[in-house]
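Trainee: Contents of upload11.cif (mmCIF, C-alpha atoms) are below:
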data_my_file
#
loop_
_atom_site.group_PDB
_atom_site.id
_atom_site.type_symbol
_atom_site.label_atom_id
_atom_site.label_comp_id
_atom_site.auth_asym_id
_atom_site.auth_seq_id
_atom_site.Cartn_x
_atom_site.Cartn_y
_atom_site.Cartn_z
ATOM 1 C CA MET N 1 -3.477 -18.104 -5.822
ATOM 2 C CA THR N 2 -5.087 -14.697 -5.624
ATOM 3 C CA THR N 3 -4.016 -12.140 -3.076
ATOM 4 C CA SER N 4 -5.116 -8.587 -2.432
ATOM 5 C CA PHE N 5 -3.460 -5.894 -4.470
ATOM 6 C CA ASN N 6 -2.356 -3.129 -2.156
ATOM 7 C CA VAL N 7 0.520 -0.834 -3.033
ATOM 8 C CA PRO N 8 2.133 1.156 -0.228
ATOM 9 C CA GLY N 9 2.376 4.769 -1.319
ATOM 10 C CA PRO N 10 2.582 8.282 0.026
ATOM 11 C CA ASP N 11 0.262 9.517 2.706
ATOM 12 C CA SER N 12 -2.846 10.703 0.884
ATOM 13 C CA GLU N 13 -4.015 14.292 1.214
ATOM 14 C CA PRO N 14 -7.329 14.612 3.051
ATOM 15 C CA ALA N 15 -10.120 13.915 0.587
ATOM 16 C CA PRO N 16 -12.202 16.943 -0.373
ATOM 17 C CA ALA N 17 -15.271 17.251 1.818
ATOM 18 C CA ARG N 18 -18.328 15.932 0.007
ATOM 19 C CA PRO N 19 -21.920 15.498 1.087
ATOM 20 C CA GLY N 20 -23.527 12.119 1.526
ATOM 21 C CA ARG N 21 -22.410 8.818 2.963
ATOM 22 C CA LYS N 22 -18.702 7.974 2.875
ATOM 23 C CA LEU N 23 -17.692 5.399 0.255
ATOM 24 C CA GLY N 24 -17.187 2.002 1.888
ATOM 25 C CA PRO N 25 -14.024 -0.109 1.548
ATOM 26 C CA ILE N 26 -13.305 -2.530 -1.252
ATOM 27 C CA ALA N 27 -14.900 -5.928 -0.617
ATOM 28 C CA GLY N 28 -12.539 -8.580 0.685
ATOM 29 C CA THR N 29 -13.598 -10.972 -2.080
ATOM 30 C CA VAL N 30 -12.253 -8.723 -4.876
ATOM 31 C CA SER N 31 -9.492 -10.479 -6.839
ATOM 32 C CA SER N 32 -6.016 -9.032 -7.309
ATOM 33 C CA SER N 33 -6.557 -8.388 -11.027
ATOM 34 C CA HIS N 34 -9.883 -6.619 -10.343
ATOM 35 C CA ARG N 35 -8.274 -4.543 -7.626
ATOM 36 C CA ALA N 36 -5.421 -3.578 -9.969
ATOM 37 C CA TRP N 37 -7.733 -1.145 -11.799
ATOM 38 C CA LEU N 38 -10.249 -0.566 -8.993
ATOM 39 C CA ASP N 39 -7.694 0.872 -6.543
ATOM 40 C CA PRO N 40 -6.502 3.704 -8.825
ATOM 41 C CA THR N 41 -10.072 4.360 -9.983
ATOM 42 C CA ARG N 42 -11.249 4.798 -6.386
ATOM 43 C CA GLU N 43 -8.249 6.987 -5.615
ATOM 44 C CA CYS N 44 -9.031 9.168 -8.607
ATOM 45 C CA TYR N 45 -12.651 9.493 -7.469
ATOM 46 C CA LEU N 46 -11.704 10.260 -3.853
ATOM 47 C CA THR N 47 -9.314 13.046 -4.866
ATOM 48 C CA SER N 48 -11.599 14.492 -7.555
ATOM 49 C CA GLY N 49 -14.055 16.220 -5.221
ATOM 50 C CA ARG N 50 -16.922 14.727 -7.224
ATOM 51 C CA THR N 51 -19.907 13.113 -5.527
ATOM 52 C CA LEU N 52 -21.626 9.827 -6.294
ATOM 53 C CA SER N 53 -24.810 11.743 -7.019
ATOM 54 C CA ASP N 54 -23.057 13.943 -9.554
ATOM 55 C CA LEU N 55 -21.260 11.049 -11.234
ATOM 56 C CA SER N 56 -24.321 8.814 -11.338
ATOM 57 C CA HIS N 57 -26.062 11.287 -13.681
ATOM 58 C CA ARG N 58 -23.031 11.496 -15.955
ATOM 59 C CA VAL N 59 -22.201 7.785 -15.944
ATOM 60 C CA LEU N 60 -25.873 6.824 -16.352
ATOM 61 C CA LEU N 61 -25.751 4.476 -13.375
ATOM 62 C CA ALA N 62 -27.795 4.601 -10.186
ATOM 63 C CA LYS N 63 -25.936 6.029 -7.208
ATOM 64 C CA SER N 64 -26.235 2.750 -5.294
ATOM 65 C CA LYS N 65 -24.863 0.795 -8.263
ATOM 66 C CA LEU N 66 -21.988 3.232 -8.684
ATOM 67 C CA SER N 67 -21.143 2.797 -5.015
ATOM 68 C CA GLU N 68 -21.164 -0.986 -5.493
ATOM 69 C CA LEU N 69 -18.917 -0.661 -8.538
ATOM 70 C CA LEU N 70 -16.356 1.363 -6.567
ATOM 71 C CA ARG N 71 -16.392 -1.233 -3.789
ATOM 72 C CA GLY N 72 -16.155 -4.240 -6.093
ATOM 73 C CA VAL N 73 -19.584 -5.501 -5.032
ATOM 74 C CA GLY N 74 -22.078 -7.203 -7.322
ATOM 75 C CA HIS N 75 -21.629 -8.186 -10.947
ATOM 76 C CA TYR N 76 -18.389 -7.422 -12.726
ATOM 77 C CA PRO N 77 -18.986 -4.098 -14.565
ATOM 78 C CA ARG N 78 -19.191 -3.777 -18.330
ATOM 79 C CA TRP N 79 -16.540 -1.717 -20.083
ATOM 80 C CA GLU N 80 -18.897 0.968 -21.380
ATOM 81 C CA VAL N 81 -19.716 1.897 -17.765
ATOM 82 C CA ILE N 82 -16.049 2.003 -16.784
ATOM 83 C CA HIS N 83 -15.303 4.024 -19.907
ATOM 84 C CA ARG N 84 -17.890 6.661 -18.998
ATOM 85 C CA LEU N 85 -16.583 6.810 -15.433
ATOM 86 C CA ALA N 86 -12.976 7.116 -16.634
ATOM 87 C CA THR N 87 -13.967 9.942 -18.958
ATOM 88 C CA GLU N 88 -15.567 11.847 -16.084
ATOM 89 C CA LEU N 89 -12.528 11.287 -13.868
ATOM 90 C CA ASP N 90 -10.089 12.095 -16.683
ATOM 91 C CA MET N 91 -8.335 8.713 -16.471
ATOM 92 C CA PRO N 92 -6.279 7.320 -19.385
ATOM 93 C CA GLY N 93 -8.301 4.757 -21.334
ATOM 94 C CA TRP N 94 -5.726 2.269 -22.578
ATOM 95 C CA PRO N 95 -4.098 1.107 -19.308
ATOM 96 C CA LEU N 96 -7.505 1.015 -17.612
ATOM 97 C CA TYR N 97 -8.945 -1.104 -20.425
ATOM 98 C CA ARG N 98 -6.020 -3.526 -20.337
ATOM 99 C CA LEU N 99 -6.439 -4.145 -16.619
ATOM 100 C CA TRP N 100 -10.248 -4.248 -16.809
ATOM 101 C CA ARG N 101 -10.090 -6.825 -19.629
ATOM 102 C CA GLN N 102 -7.671 -9.123 -17.797
ATOM 103 C CA ALA N 103 -9.759 -8.971 -14.635
ATOM 104 C CA ALA N 104 -12.875 -9.801 -16.657
ATOM 105 C CA LEU N 105 -11.218 -12.916 -18.085
ATOM 106 C CA ASP N 106 -9.949 -13.881 -14.622
ATOM 107 C CA ALA N 107 -13.531 -13.515 -13.358
ATOM 108 C CA GLY N 108 -14.680 -16.094 -15.895
ATOM 109 C CA LYS N 109 -16.116 -13.709 -18.476
ATOM 110 C CA SER N 110 -15.884 -14.975 -22.050
ATOM 111 C CA ARG N 111 -13.963 -13.149 -24.757
ATOM 112 C CA ASP N 112 -17.288 -12.668 -26.507
ATOM 113 C CA TRP N 113 -18.678 -10.930 -23.401
ATOM 114 C CA VAL N 114 -15.579 -8.711 -23.292
ATOM 115 C CA ASP N 115 -15.950 -7.805 -26.975
ATOM 116 C CA ARG N 116 -19.664 -7.064 -26.630
ATOM 117 C CA SER N 117 -19.008 -4.959 -23.561
ATOM 118 C CA THR N 118 -16.597 -2.844 -25.586
ATOM 119 C CA GLU N 119 -19.097 -2.034 -28.349
ATOM 120 C CA GLY N 120 -19.462 1.704 -28.876
ATOM 121 C CA THR N 121 -16.118 2.497 -27.169
ATOM 122 C CA ILE N 122 -13.805 0.402 -29.320
ATOM 123 C CA THR N 123 -11.711 3.385 -30.450
ATOM 124 C CA VAL N 124 -10.940 4.476 -26.907
ATOM 125 C CA ALA N 125 -10.426 0.897 -25.766
ATOM 126 C CA THR N 126 -7.845 0.083 -28.414
ATOM 127 C CA ALA N 127 -6.096 3.436 -28.853
ATOM 128 C CA ARG N 128 -2.723 3.796 -27.160
ATOM 129 C CA PRO N 129 -1.962 7.434 -26.410
ATOM 130 C CA GLY N 130 1.475 7.886 -24.936
ATOM 131 C CA PRO N 131 2.008 7.804 -21.171
ATOM 132 C CA PRO N 132 3.700 10.677 -19.324
ATOM 133 C CA LEU N 133 7.293 11.255 -20.427
ATOM 134 C CA GLU N 134 8.597 10.417 -16.961
ATOM 135 C CA HIS N 135 6.707 7.120 -17.065
ATOM 136 C CA GLY N 136 8.321 6.232 -20.389
ATOM 137 C CA ALA N 137 11.762 7.144 -19.099
ATOM 138 C CA LEU N 138 11.340 5.026 -15.978
ATOM 139 C CA ARG N 139 10.087 2.087 -18.022
ATOM 140 C CA LEU N 140 13.097 2.319 -20.329
ATOM 141 C CA MET N 141 15.435 2.160 -17.350
ATOM 142 C CA VAL N 142 13.866 -0.668 -15.355
ATOM 143 C CA GLU N 143 11.718 -2.875 -17.601
ATOM 144 C CA ALA N 144 14.405 -5.480 -18.394
ATOM 145 C CA ASP N 145 15.363 -5.689 -14.704
ATOM 146 C CA TYR N 146 11.716 -6.053 -13.675
ATOM 147 C CA ARG N 147 11.456 -9.008 -16.049
ATOM 148 C CA ARG N 148 14.491 -10.628 -14.436
ATOM 149 C CA TYR N 149 12.894 -10.330 -11.007
ATOM 150 C CA ALA N 150 9.498 -11.566 -12.206
ATOM 151 C CA GLU N 151 11.167 -14.538 -13.899
ATOM 152 C CA ALA N 152 12.206 -15.890 -10.507
ATOM 153 C CA PHE N 153 8.510 -16.535 -9.826
ATOM 154 C CA LEU N 154 6.824 -16.662 -13.254
ATOM 155 C CA HIS N 155 7.780 -17.760 -16.747
ATOM 156 C CA GLY N 156 7.046 -16.948 -20.345
ATOM 157 C CA GLU N 157 3.837 -15.146 -21.180
ATOM 158 C CA HIS N 158 2.790 -14.979 -17.516
ATOM 159 C CA ARG N 159 5.955 -13.057 -16.648
ATOM 160 C CA ASP N 160 5.541 -10.719 -19.619
ATOM 161 C CA ALA N 161 1.856 -10.090 -18.861
ATOM 162 C CA VAL N 162 2.628 -9.202 -15.245
ATOM 163 C CA VAL N 163 5.300 -6.688 -16.254
ATOM 164 C CA GLU N 164 2.894 -5.107 -18.745
ATOM 165 C CA ASP N 165 0.284 -4.879 -15.979
ATOM 166 C CA VAL N 166 2.813 -3.195 -13.704
ATOM 167 C CA PHE N 167 3.364 -0.351 -16.132
ATOM 168 C CA ALA N 168 -0.375 -0.048 -16.800
ATOM 169 C CA ILE N 169 -1.038 0.295 -13.060
ATOM 170 C CA LEU N 170 1.836 2.743 -12.720
ATOM 171 C CA TRP N 171 0.403 4.824 -15.574
ATOM 172 C CA LEU N 172 -2.982 5.036 -13.858
ATOM 173 C CA SER N 173 -1.402 6.130 -10.583
ATOM 174 C CA PHE N 174 1.533 8.137 -11.891
ATOM 175 C CA ASP N 175 0.495 11.372 -10.192
ATOM 176 C CA GLU N 176 0.716 9.546 -6.865
ATOM 177 C CA ALA N 177 4.051 8.036 -7.913
ATOM 178 C CA LEU N 178 5.506 11.467 -8.663
ATOM 179 C CA ALA N 179 4.192 12.810 -5.352
ATOM 180 C CA SER N 180 5.706 9.916 -3.390
ATOM 181 C CA PRO N 181 9.068 10.239 -1.576
ATOM 182 C CA ASP N 182 10.735 8.049 -4.243
ATOM 183 C CA THR N 183 9.186 7.120 -7.592
ATOM 184 C CA ARG N 184 11.447 4.084 -7.885
ATOM 185 C CA ARG N 185 10.208 2.747 -4.553
ATOM 186 C CA TYR N 186 6.593 3.379 -5.505
ATOM 187 C CA ALA N 187 7.062 1.527 -8.801
ATOM 188 C CA TRP N 188 8.838 -1.372 -7.093
ATOM 189 C CA ASN N 189 5.974 -1.791 -4.639
ATOM 190 C CA ILE N 190 3.625 -2.137 -7.612
ATOM 191 C CA LEU N 191 5.914 -4.712 -9.231
ATOM 192 C CA ARG N 192 6.214 -6.751 -6.070
ATOM 193 C CA ALA N 193 2.487 -6.718 -5.314
ATOM 194 C CA THR N 194 1.622 -7.708 -8.889
ATOM 195 C CA VAL N 195 4.186 -10.512 -9.084
ATOM 196 C CA MET N 196 3.203 -11.917 -5.700
ATOM 197 C CA ALA N 197 -0.481 -11.847 -6.638
ATOM 198 C CA LYS N 198 0.251 -14.100 -9.632
ATOM 199 C CA ALA N 199 3.019 -16.295 -8.193
ATOM 200 C CA GLY N 200 2.363 -19.727 -6.786
ATOM 201 C CA HIS N 201 2.293 -19.903 -3.010
ATOM 202 C CA ARG N 202 2.885 -22.598 -0.417
ATOM 203 C CA ASP N 203 2.108 -21.937 3.234
ATOM 204 C CA LYS N 204 1.394 -18.306 2.280
ATOM 205 C CA ARG N 205 4.911 -17.814 0.926
ATOM 206 C CA PRO N 206 5.884 -17.425 -2.779
ATOM 207 C CA VAL N 207 7.258 -20.478 -4.565
ATOM 208 C CA LEU N 208 10.709 -20.029 -6.105
ATOM 209 C CA GLY N 209 11.293 -23.626 -7.195
ATOM 210 C CA GLU N 210 11.220 -23.162 -10.979
ATOM 211 C CA ALA N 211 13.869 -20.466 -10.794
ATOM 212 C CA ALA N 212 16.367 -23.239 -10.061
ATOM 213 C CA PHE N 213 16.623 -23.890 -13.777
ATOM 214 C CA ASP N 214 17.963 -20.379 -14.337
ATOM 215 C CA THR N 215 20.769 -20.356 -11.783
ATOM 216 C CA VAL N 216 24.339 -20.157 -13.013
ATOM 217 C CA ALA N 217 25.312 -22.932 -10.631
ATOM 218 C CA LEU N 218 22.979 -25.336 -12.425
ATOM 219 C CA HIS N 219 24.177 -24.362 -15.908
ATOM 220 C CA THR N 220 27.847 -24.723 -14.963
ATOM 221 C CA GLN N 221 27.444 -28.398 -14.021
ATOM 222 C CA THR N 222 28.619 -30.622 -16.857
ATOM 223 C CA SER N 223 27.153 -34.026 -16.084
ATOM 224 C CA LYS N 224 23.495 -34.924 -15.762
ATOM 225 C CA GLU N 225 24.254 -36.461 -12.371
ATOM 226 C CA ASN N 226 25.756 -33.195 -11.117
ATOM 227 C CA GLN N 227 22.858 -31.222 -12.566
ATOM 228 C CA ALA N 228 20.338 -33.392 -10.720
ATOM 229 C CA ALA N 229 22.227 -32.964 -7.459
ATOM 230 C CA GLN N 230 22.484 -29.221 -7.966
ATOM 231 C CA LEU N 231 18.786 -28.993 -8.750
ATOM 232 C CA ALA N 232 17.866 -30.804 -5.539
ATOM 233 C CA GLU N 233 20.079 -28.451 -3.529
ATOM 234 C CA SER N 234 18.640 -25.415 -5.305
ATOM 235 C CA LEU N 235 15.066 -26.477 -4.612
ATOM 236 C CA GLU N 236 15.905 -26.866 -0.936
ATOM 237 C CA LEU N 237 17.602 -23.473 -0.924
ATOM 238 C CA PHE N 238 14.707 -21.713 -2.645
ATOM 239 C CA THR N 239 12.308 -23.149 -0.109
ATOM 240 C CA ALA N 240 14.438 -21.504 2.574
ATOM 241 C CA ILE N 241 14.608 -18.225 0.623
ATOM 242 C CA SER N 242 10.814 -18.133 0.359
ATOM 243 C CA ARG N 243 10.614 -18.000 4.156
ATOM 244 C CA LEU N 244 12.624 -14.775 4.340
ATOM 245 C CA PRO N 245 10.894 -11.489 5.217
ATOM 246 C CA ASP N 246 9.778 -9.642 2.089
ATOM 247 C CA ALA N 247 12.597 -7.087 1.971
ATOM 248 C CA GLN N 248 15.281 -9.725 2.498
ATOM 249 C CA LEU N 249 13.702 -12.032 -0.078
ATOM 250 C CA ASP N 250 13.789 -9.286 -2.702
ATOM 251 C CA VAL N 251 17.434 -8.506 -2.017
ATOM 252 C CA VAL N 252 18.450 -12.176 -2.203
ATOM 253 C CA VAL N 253 16.545 -12.718 -5.460
ATOM 254 C CA LEU N 254 18.063 -9.619 -7.038
ATOM 255 C CA ARG N 255 21.582 -10.315 -5.784
ATOM 256 C CA HIS N 256 21.871 -14.093 -6.078
ATOM 257 C CA LEU N 257 19.410 -15.045 -8.815
ATOM 258 C CA CYS N 258 19.507 -11.936 -10.997
ATOM 259 C CA GLY N 259 23.177 -11.226 -10.282
ATOM 260 C CA PHE N 260 22.764 -7.492 -9.678
ATOM 261 C CA SER N 261 25.314 -5.484 -7.724
ATOM 262 C CA PRO N 262 24.333 -3.913 -4.372
ATOM 263 C CA LYS N 263 24.255 -0.478 -6.051
ATOM 264 C CA LYS N 264 21.957 -1.776 -8.787
ATOM 265 C CA VAL N 265 19.646 -3.340 -6.194
ATOM 266 C CA SER N 266 19.599 -0.063 -4.251
ATOM 267 C CA ASP N 267 18.580 1.824 -7.396
ATOM 268 C CA LEU N 268 15.838 -0.667 -8.305
ATOM 269 C CA LEU N 269 14.335 -0.809 -4.817
ATOM 270 C CA GLY N 270 14.631 2.916 -4.166
ATOM 271 C CA LEU N 271 16.364 2.142 -0.874
ATOM 272 C CA PRO N 272 19.678 3.322 0.628
ATOM 273 C CA LEU N 273 22.658 1.111 -0.152
ATOM 274 C CA ALA N 274 23.179 0.550 3.575
ATOM 275 C CA ALA N 275 19.652 -0.879 3.889
ATOM 276 C CA VAL N 276 20.315 -3.293 1.006
ATOM 277 C CA ARG N 277 23.577 -4.496 2.564
ATOM 278 C CA SER N 278 21.889 -4.916 5.946
ATOM 279 C CA ASP N 279 19.034 -6.961 4.473
ATOM 280 C CA GLU N 280 21.530 -9.152 2.626
ATOM 281 C CA ARG N 281 23.578 -9.778 5.768
ATOM 282 C CA HIS N 282 20.519 -10.790 7.773
ATOM 283 C CA ALA N 283 19.298 -13.030 4.955
ATOM 284 C CA GLU N 284 22.667 -14.715 4.538
ATOM 285 C CA ARG N 285 22.868 -15.359 8.271
ATOM 286 C CA PHE N 286 19.524 -17.167 8.128
ATOM 287 C CA LEU N 287 20.334 -19.074 4.948
ATOM 288 C CA ASP N 288 23.792 -20.105 6.156
ATOM 289 C CA ASP N 289 22.049 -21.864 9.019
ATOM 290 C CA THR N 290 19.867 -23.679 6.486
ATOM 291 C CA ILE N 291 21.882 -24.300 3.308
ATOM 292 C CA GLY N 292 24.644 -22.469 1.432
ATOM 293 C CA LEU N 293 23.783 -19.683 -0.992
ATOM 294 C CA PRO N 294 24.309 -20.327 -4.727
ATOM 295 C CA PRO N 295 27.161 -18.481 -6.461
ATOM 296 C CA GLN N 296 26.245 -15.012 -7.682
ATOM 297 C CA THR N 297 26.144 -14.508 -11.420
ATOM 298 C CA GLY N 298 28.897 -11.944 -11.327
ATOM 299 C CA GLY N 299 26.833 -8.828 -11.344
ATOM 300 C CA ARG N 300 25.612 -8.526 -14.922
ATOM 301 C CA THR N 301 24.465 -4.994 -14.262
ATOM 302 C CA PRO N 302 26.897 -2.530 -12.656
#
Now, as a test, write the supplied structure out as C-alpha cells.
Mentor:
Amino acid sequence: MTTSFNVPGPDSEPAPARPGRKLGPIAGTVSSSHRAWLDPTRECYLTSGRTLSDLSHRVLLAKSKLSELLRGVGHYPRWEVIHRLATELDMPGWPLYRLWRQAALDAGKSRDWVDRSTEGTITVATARPGPPLEHGALRLMVEADYRRYAEAFLHGEHRDAVVEDVFAILWLSFDEALASPDTRRYAWNILRATVMAKAGHRDKRPVLGEAAFDTVALHTQTSKENQAAQLAESLELFTAISRLPDAQLDVVVLRHLCGFSPKKVSDLLGLPLAAVRSDERHAERFLDDTIGLPPQTGGRTP
C-alpha cells in the first residue's frame, strides 16, 4: 500500500519573496517513493530564493512544465532534467538519484528507460561523494537499530532498501535536520514515514503479523505444538498492537519486539524518558485488556 510521505520537521522560515504565482501543493496522487525525493527538492527550491522563470532557462524546461514537475503532475520526469535542477539548487546527486530511480521503477518505468534517462549524467548518477560528517556519525550510531525496527514490518531486501532510503532522504534534508529541535527526532520521523509507506496495512493500520517469527517467546518454545500455539497468540497480540496510536506503537515495538531499554528507546526517538515510560504504560493498559504482552528480550542494547 502506498501512503503519502510527510516528515514532521521544524517550522520553516518564511520563504524568500519571489515574483510570480505561488507554487501549488504536491498532487494527492503522488506515490510515497516519488514524494521521498520531491519533498526535499521542493523545500530546496522554496528556500533558494530562485524563481521558476530563472530556473526554467537553466534547466531547459518550460516554466509550466517545471511547475508541474515540482508538484508531481504529468509524466514522471527523466533523470537528466532532475540532474540539471539539482545542480542549480546545489543538491547532492547520489541520494537524489537513488530515490528518483526507485520511484521510477515503482511508477512502472523499465530499467531500460531508467538507464536511457541517465545517459549523459552517468558519472554524477553513480558517484558517491561522502555525506556530511554529522550524517555519517548519526548513521553509525542508529543504523543497526533502525533495521531492527523496520524488521518488525518488513523483511530481507525490502527492509534493507527502506533503511537505505531513510539515510538518502536524511542526506537530502540534512540542513533541516540540523536546524530542527532534535536531529534524532527528525531522523526517526523519516524512518517511521518510510517504513509505514512500504509496510502492509489492514484497516489503515500497519501489519505486524510476520514479526511473530522473530519474538523470543516463539523461539523459546521447544515443541512444534507449543510453537503453533505461541504463534497464534502472537498474531492476535500484534493485531492489537497495530491499533495503538503511533507513538505508543513505536514504543511497544522497540521495547517488546526489539528488546531495547527505555533509555535506548528515548535516545532513538529523541523523546524524554518520561514520555517513553508514559507511552508504554498507556499501551500496556490497552494491551492488558486485550491479550498479554510477550516477554521482553532482555534489553539487548543498554
Trainee: Selection in question (the file shown): the PyMOL selection byres ((chain N and resi 195) around 9). Which residues does it include, as a list in words?
Mentor: Tyr149, Ala150, Phe153, Leu154, Arg159, Val162, Val163, Val166, Ile190, Leu191, Arg192, Ala193, Thr194, Met196, Ala197, Lys198 and Ala199 of chain N
Trainee: Write out, as a compact mmCIF listing (two decimals), keeping the file's coordinate frame, the residues just selected, with C-alpha atoms.
Mentor:
# COMPACT_ATOMS: atom_id res chain seq x y z
CA TYR N 149 12.89 -10.33 -11.01
CA ALA N 150 9.50 -11.57 -12.21
CA PHE N 153 8.51 -16.54 -9.83
CA LEU N 154 6.82 -16.66 -13.25
CA ARG N 159 5.96 -13.06 -16.65
CA VAL N 162 2.63 -9.20 -15.24
CA VAL N 163 5.30 -6.69 -16.25
CA VAL N 166 2.81 -3.20 -13.70
CA ILE N 190 3.62 -2.14 -7.61
CA LEU N 191 5.91 -4.71 -9.23
CA ARG N 192 6.21 -6.75 -6.07
CA ALA N 193 2.49 -6.72 -5.31
CA THR N 194 1.62 -7.71 -8.89
CA MET N 196 3.20 -11.92 -5.70
CA ALA N 197 -0.48 -11.85 -6.64
CA LYS N 198 0.25 -14.10 -9.63
CA ALA N 199 3.02 -16.30 -8.19
Trainee: Evaluate the PyMOL selection byres ((chain N and resi 20-30) around 7) on the structure here and hand back the selected residues as a list in words.
Mentor: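 Written out, the selection comes to Arg18, Pro19, Ser31, Ser32, His34, Arg35, Ser67, Arg71, Gly72 and Val73 of chain N.
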Trainee: What does the distance between CA of Phe238 (chain N) and CA of Val207 (chain N) come to in Å, to one decimal place?
Mentor: 7.8 Å
Trainee: Kindly indicate which residue among N:Glu284, N:Tyr45, N:Arg243, N:Leu257 lies nearest to Lys204 (chain N), using only C-alpha atoms for the distances.
Mentor: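 Counting only C-alpha atoms, the residue closest to Lys204 (chain N) is N:Arg243.
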Trainee: Under the rule that all atoms listed in the file are counted, which of N:Leu99, N:Leu249, N:Leu273, N:Leu89 is the nearest residue to Leu46 (chain N)?
Mentor: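 Of all the options, N:Leu89 lies closest to Leu46 (chain N).
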Trainee: Under the rule that all atoms listed in the file are counted, which of N:His282, N:Leu268, N:Trp113, N:Leu85 is the nearest residue to Arg50 (chain N)?
Mentor: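 Smallest separation from Arg50 (chain N) among the options: N:Leu85.
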Trainee: On this structure, which residues satisfy the PyMOL selection byres ((chain N and resi 80) around 9), written as a ChimeraX atom specification?
Mentor: /N:77-79,81-85,117-121
Trainee: Measuring atom to atom with all atoms listed in the file, identify which of N:Ser173, N:Thr87, N:Ser261, N:Thr183 is nearest to Leu38 (chain N).
Mentor: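 Going through N:Ser173, N:Thr87, N:Ser261, N:Thr183 one by one, the smallest distance to Leu38 (chain N) is for N:Ser173.
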Trainee: Counting all atoms listed in the file, which residue out of N:Ile169, N:Glu134, N:Leu208, N:Glu280 sits closest to His155 (chain N)?
Mentor: N:Leu208
Trainee: Report, in Å with one decimal, the straight-line distance from CA of Ala107 (chain N) to CA of His135 (chain N).
Mentor: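 Taking CA of Ala107 (chain N) and CA of His135 (chain N), their separation equals 29.1 Å.
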Trainee: Grab all the atoms of region 24-27 of chain N that the file lists, wrap them in a box along x, y and z, add 6 Å per side, and give me centre plus edge lengths in Å (one decimal) as AutoDock Vina command-line options.
Mentor:
--center_x -15.2 --center_y -2.0 --center_z 0.3 --size_x 15.9 --size_y 19.9 --size_z 15.1
